[in-house]
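**Q** Just so it is clear, I am handing over structure.txt, which has compact mmCIF, N, CA and C atoms.
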```txt
# COMPACT_ATOMS: atom_id res chain seq x y z
N MET A 15 28.74 206.16 3.16
CA MET A 15 28.83 204.92 3.86
C MET A 15 30.03 204.89 4.81
N CYS A 16 30.65 205.97 4.97
CA CYS A 16 31.81 206.02 5.84
C CYS A 16 31.38 205.72 7.28
N GLY A 17 32.06 204.79 7.90
CA GLY A 17 31.76 204.46 9.28
C GLY A 17 30.65 203.43 9.45
N VAL A 18 30.02 203.00 8.37
CA VAL A 18 28.96 202.00 8.46
C VAL A 18 29.58 200.63 8.28
N LYS A 19 29.33 199.75 9.26
CA LYS A 19 29.87 198.40 9.18
C LYS A 19 28.80 197.47 8.65
N ARG A 20 29.18 196.67 7.69
CA ARG A 20 28.26 195.68 7.13
C ARG A 20 28.47 194.36 7.85
N LYS A 21 27.39 193.65 8.06
CA LYS A 21 27.49 192.33 8.66
C LYS A 21 27.98 191.36 7.60
N ARG A 22 29.05 190.66 7.91
CA ARG A 22 29.61 189.67 6.99
C ARG A 22 29.29 188.29 7.49
N ASN A 23 28.73 187.48 6.63
CA ASN A 23 28.46 186.10 6.96
C ASN A 23 29.56 185.24 6.37
N VAL A 24 30.28 184.55 7.23
CA VAL A 24 31.41 183.75 6.79
C VAL A 24 31.30 182.36 7.40
N LEU A 25 31.58 181.34 6.60
CA LEU A 25 31.59 179.98 7.11
C LEU A 25 32.87 179.76 7.90
N ASN A 26 32.75 179.05 9.04
CA ASN A 26 33.97 178.72 9.77
C ASN A 26 34.59 177.47 9.14
N VAL A 27 35.76 177.08 9.61
CA VAL A 27 36.52 175.99 8.99
C VAL A 27 35.74 174.68 9.06
N LYS A 28 35.12 174.40 10.21
CA LYS A 28 34.36 173.16 10.36
C LYS A 28 33.20 173.10 9.37
N GLN A 29 32.51 174.21 9.21
CA GLN A 29 31.38 174.26 8.28
C GLN A 29 31.86 174.06 6.84
N LYS A 30 32.99 174.66 6.50
CA LYS A 30 33.54 174.48 5.16
C LYS A 30 33.91 173.02 4.91
N LEU A 31 34.53 172.38 5.90
CA LEU A 31 34.92 170.98 5.76
C LEU A 31 33.70 170.08 5.58
N GLU A 32 32.65 170.34 6.36
CA GLU A 32 31.42 169.54 6.23
C GLU A 32 30.83 169.67 4.84
N ILE A 33 30.81 170.86 4.31
CA ILE A 33 30.26 171.09 2.97
C ILE A 33 31.13 170.41 1.92
N LEU A 34 32.45 170.50 2.07
CA LEU A 34 33.34 169.84 1.12
C LEU A 34 33.19 168.32 1.17
N GLN A 35 32.99 167.77 2.36
CA GLN A 35 32.78 166.32 2.48
C GLN A 35 31.49 165.91 1.79
N LYS A 36 30.46 166.71 1.93
CA LYS A 36 29.20 166.40 1.25
C LYS A 36 29.37 166.44 -0.26
N LEU A 37 30.10 167.41 -0.72
CA LEU A 37 30.35 167.51 -2.16
C LEU A 37 31.15 166.31 -2.66
N ASP A 38 32.13 165.88 -1.87
CA ASP A 38 32.93 164.70 -2.23
C ASP A 38 32.06 163.45 -2.31
N ASN A 39 31.02 163.38 -1.48
CA ASN A 39 30.11 162.23 -1.46
C ASN A 39 29.01 162.35 -2.51
N GLY A 40 29.05 163.39 -3.31
CA GLY A 40 28.06 163.56 -4.36
C GLY A 40 26.77 164.19 -3.89
N GLU A 41 26.74 164.69 -2.67
CA GLU A 41 25.54 165.33 -2.14
C GLU A 41 25.54 166.82 -2.48
N SER A 42 24.37 167.40 -2.42
CA SER A 42 24.25 168.84 -2.63
C SER A 42 24.54 169.55 -1.32
N ALA A 43 25.42 170.50 -1.35
CA ALA A 43 25.77 171.23 -0.14
C ALA A 43 25.30 172.68 -0.20
N SER A 44 24.66 173.07 -1.29
CA SER A 44 24.26 174.47 -1.41
C SER A 44 23.25 174.87 -0.36
N THR A 45 22.33 173.96 -0.02
CA THR A 45 21.32 174.31 0.99
C THR A 45 21.96 174.45 2.36
N ASP A 46 23.01 173.66 2.65
CA ASP A 46 23.71 173.80 3.91
C ASP A 46 24.40 175.14 4.00
N ALA A 47 25.01 175.56 2.92
CA ALA A 47 25.67 176.87 2.91
C ALA A 47 24.63 177.98 3.11
N GLU A 48 23.48 177.83 2.46
CA GLU A 48 22.42 178.82 2.64
C GLU A 48 21.94 178.85 4.08
N ASP A 49 21.78 177.69 4.69
CA ASP A 49 21.34 177.64 6.08
C ASP A 49 22.34 178.31 7.01
N VAL A 50 23.62 178.07 6.77
CA VAL A 50 24.64 178.65 7.62
C VAL A 50 24.66 180.16 7.47
N LEU A 51 24.48 180.63 6.26
CA LEU A 51 24.55 182.06 6.00
C LEU A 51 23.21 182.77 6.16
N ASN A 52 22.19 182.02 6.55
CA ASN A 52 20.85 182.57 6.69
C ASN A 52 20.84 183.67 7.75
N GLU A 53 20.36 184.83 7.36
CA GLU A 53 20.29 185.94 8.31
C GLU A 53 18.93 185.94 8.98
N GLY A 54 18.80 186.68 10.07
CA GLY A 54 17.52 186.78 10.74
C GLY A 54 17.60 186.24 12.15
N ASN A 55 16.45 186.19 12.79
CA ASN A 55 16.40 185.76 14.18
C ASN A 55 16.26 184.25 14.32
N THR A 56 16.04 183.55 13.24
CA THR A 56 15.87 182.11 13.33
C THR A 56 17.21 181.41 13.22
N ILE A 57 17.32 180.30 13.90
CA ILE A 57 18.54 179.50 13.82
C ILE A 57 18.35 178.48 12.72
N SER A 58 19.37 178.23 11.95
CA SER A 58 19.28 177.28 10.86
C SER A 58 19.24 175.86 11.41
N HIS A 59 18.73 174.95 10.61
CA HIS A 59 18.71 173.55 11.02
C HIS A 59 20.13 173.03 11.23
N SER A 60 21.04 173.43 10.37
CA SER A 60 22.43 172.98 10.49
C SER A 60 23.04 173.44 11.82
N ALA A 61 22.79 174.67 12.17
CA ALA A 61 23.32 175.19 13.43
C ALA A 61 22.66 174.51 14.63
N ALA A 62 21.36 174.26 14.54
CA ALA A 62 20.65 173.58 15.62
C ALA A 62 21.19 172.17 15.79
N LEU A 63 21.39 171.49 14.68
CA LEU A 63 21.90 170.12 14.72
C LEU A 63 23.31 170.09 15.33
N GLN A 64 24.12 171.03 14.94
CA GLN A 64 25.48 171.11 15.48
C GLN A 64 25.43 171.35 16.99
N SER A 65 24.53 172.21 17.45
CA SER A 65 24.40 172.49 18.88
C SER A 65 23.93 171.25 19.64
N VAL A 66 23.01 170.52 19.06
CA VAL A 66 22.52 169.30 19.71
C VAL A 66 23.63 168.26 19.82
N GLU A 67 24.44 168.14 18.76
CA GLU A 67 25.56 167.20 18.80
C GLU A 67 26.55 167.57 19.91
N ILE A 68 26.83 168.85 20.04
CA ILE A 68 27.73 169.32 21.10
C ILE A 68 27.13 169.03 22.47
N LEU A 69 25.83 169.27 22.60
CA LEU A 69 25.14 169.00 23.87
C LEU A 69 25.20 167.51 24.22
N LEU A 70 25.00 166.65 23.22
CA LEU A 70 25.08 165.21 23.47
C LEU A 70 26.48 164.80 23.94
N ASP A 71 27.50 165.37 23.31
CA ASP A 71 28.88 165.09 23.74
C ASP A 71 29.09 165.51 25.20
N TYR A 72 28.60 166.68 25.52
CA TYR A 72 28.73 167.21 26.88
C TYR A 72 28.01 166.31 27.87
N MET A 73 26.78 165.92 27.51
CA MET A 73 25.99 165.09 28.41
C MET A 73 26.65 163.73 28.64
N GLY A 74 27.26 163.19 27.58
CA GLY A 74 27.96 161.92 27.71
C GLY A 74 29.17 162.02 28.61
N GLN A 75 29.89 163.13 28.51
CA GLN A 75 31.08 163.33 29.33
C GLN A 75 30.74 163.55 30.80
N ARG A 76 29.60 164.17 31.04
CA ARG A 76 29.21 164.51 32.41
C ARG A 76 28.33 163.45 33.07
N GLY A 77 28.03 162.38 32.35
CA GLY A 77 27.28 161.28 32.95
C GLY A 77 25.82 161.59 33.21
N PHE A 78 25.18 162.30 32.28
CA PHE A 78 23.76 162.61 32.44
C PHE A 78 22.93 161.34 32.40
N ASP A 79 21.73 161.44 32.92
CA ASP A 79 20.78 160.34 32.96
C ASP A 79 20.44 159.87 31.55
N TYR A 80 20.28 158.56 31.37
CA TYR A 80 19.97 157.97 30.06
C TYR A 80 18.69 158.57 29.47
N GLY A 81 17.69 158.81 30.30
CA GLY A 81 16.43 159.39 29.82
C GLY A 81 16.62 160.79 29.25
N ASP A 82 17.48 161.57 29.87
CA ASP A 82 17.76 162.91 29.36
C ASP A 82 18.49 162.85 28.02
N ILE A 83 19.46 161.95 27.92
CA ILE A 83 20.21 161.79 26.67
C ILE A 83 19.27 161.32 25.56
N THR A 84 18.37 160.41 25.89
CA THR A 84 17.39 159.91 24.91
C THR A 84 16.50 161.04 24.42
N ALA A 85 16.10 161.93 25.30
CA ALA A 85 15.25 163.06 24.91
C ALA A 85 15.98 163.98 23.93
N VAL A 86 17.26 164.22 24.17
CA VAL A 86 18.04 165.08 23.27
C VAL A 86 18.26 164.37 21.93
N ARG A 87 18.44 163.06 21.97
CA ARG A 87 18.57 162.31 20.71
C ARG A 87 17.29 162.42 19.89
N LYS A 88 16.15 162.41 20.55
CA LYS A 88 14.86 162.56 19.85
C LYS A 88 14.80 163.94 19.17
N ILE A 89 15.29 164.95 19.84
CA ILE A 89 15.34 166.29 19.25
C ILE A 89 16.22 166.27 18.01
N ARG A 90 17.35 165.57 18.09
CA ARG A 90 18.26 165.45 16.94
C ARG A 90 17.55 164.80 15.75
N VAL A 91 16.80 163.74 16.01
CA VAL A 91 16.04 163.06 14.95
C VAL A 91 15.02 164.02 14.34
N ASP A 92 14.32 164.76 15.19
CA ASP A 92 13.31 165.72 14.71
C ASP A 92 13.93 166.78 13.80
N ILE A 93 15.10 167.29 14.19
CA ILE A 93 15.78 168.31 13.38
C ILE A 93 16.17 167.72 12.03
N ARG A 94 16.71 166.51 12.04
CA ARG A 94 17.12 165.87 10.77
C ARG A 94 15.91 165.64 9.87
N GLN A 95 14.79 165.21 10.45
CA GLN A 95 13.59 164.98 9.65
C GLN A 95 13.11 166.29 9.02
N GLU A 96 13.14 167.36 9.78
CA GLU A 96 12.73 168.66 9.26
C GLU A 96 13.68 169.14 8.17
N MET A 97 14.97 168.90 8.36
CA MET A 97 15.95 169.27 7.33
C MET A 97 15.67 168.50 6.04
N ASN A 98 15.44 167.21 6.16
CA ASN A 98 15.16 166.39 4.98
C ASN A 98 13.88 166.84 4.28
N LYS A 99 12.87 167.20 5.06
CA LYS A 99 11.61 167.66 4.49
C LYS A 99 11.82 168.94 3.69
N GLN A 100 12.54 169.88 4.26
CA GLN A 100 12.79 171.14 3.57
C GLN A 100 13.67 170.93 2.34
N GLN A 101 14.64 170.01 2.44
CA GLN A 101 15.50 169.74 1.29
C GLN A 101 14.69 169.15 0.14
N LYS A 102 13.76 168.25 0.44
CA LYS A 102 12.89 167.70 -0.59
C LYS A 102 12.04 168.79 -1.23
N GLN A 103 11.53 169.71 -0.41
CA GLN A 103 10.72 170.80 -0.94
C GLN A 103 11.55 171.68 -1.85
N ARG A 104 12.80 171.95 -1.49
CA ARG A 104 13.68 172.76 -2.33
C ARG A 104 13.95 172.06 -3.66
N ARG A 105 14.18 170.75 -3.60
CA ARG A 105 14.44 170.00 -4.84
C ARG A 105 13.24 170.05 -5.77
N ILE A 106 12.05 169.91 -5.21
CA ILE A 106 10.83 169.98 -6.03
C ILE A 106 10.69 171.36 -6.64
N THR A 107 10.93 172.38 -5.85
CA THR A 107 10.85 173.76 -6.35
C THR A 107 11.87 173.98 -7.44
N ASP A 108 13.10 173.49 -7.23
CA ASP A 108 14.15 173.64 -8.24
C ASP A 108 13.80 172.90 -9.53
N LEU A 109 13.14 171.77 -9.40
CA LEU A 109 12.74 170.99 -10.56
C LEU A 109 11.77 171.78 -11.43
N PHE A 110 10.83 172.48 -10.80
CA PHE A 110 9.85 173.25 -11.56
C PHE A 110 10.43 174.54 -12.12
N LYS A 111 11.53 175.02 -11.56
CA LYS A 111 12.17 176.22 -12.08
C LYS A 111 12.88 175.96 -13.40
N GLN A 112 13.28 174.72 -13.64
CA GLN A 112 14.07 174.40 -14.84
C GLN A 112 13.25 174.42 -16.08
```
Could you show the structure in this file as structure tokens?
**A**
Amino acid sequence: MCGVKRKRNVLNVKQKLEILQKLDNGESASTDAEDVLNEGNTISHSAALQSVEILLDYMGQRGFDYGDITAVRKIRVDIRQEMNKQQKQRRITDLFKQ
């Protein structure tokens, strides 16, 4: 294995803080950590949501059209709904594993 580099998945500080805040609020943060560390070509819901939030901030600062901002907000809602759906599915699966 000499000279072979392994890909390391590490949470950044912001991601760690978000997970800790969820834990403090009594929420489960394990699925968020899994999403962040998810390997492959797909982007996690958490990462997509974070990107949309950054885009909304940018659009607000640059004075984008209200219709454009509304469209991006709709995307944010869709991502959150999909995250909630998958989280419910995980909880059901976990329930049957016990």
**Q** Calculated over only C-alpha atoms, which of the candidates A:Lys36, A:Arg87, A:Arg104, A:Lys111 has the smallest distance to A:Leu69?
**A**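 Result for the nearest residue to A:Leu69: A:Arg87.
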**Q** Residues near A:His59, anyone? I mean within 6.5 Å using only N, CA and C atoms, not counting same-chain ones fewer than 3 positions away, as a ChimeraX atom specification.
**A** /A:49,62-64,93,97
**Q** Quick one, how far is atom CA of A:Phe78 from atom CA of A:Glu96?
**A**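 Atom-to-atom, atom CA of A:Phe78 to atom CA of A:Glu96, that is 26.4 Å.
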**Q** Can you work out the spacing between atom CA of A:Arg90 and atom CA of A:Ser60 in Å, to one decimal?
**A** 10.8 Å
**Q** So what do you get for atom CA of A:Ala61 versus atom CA of A:Lys28, distance-wise?
**A**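 One can read the atom CA of A:Ala61 to atom CA of A:Lys28 distance as 11.6 Å.
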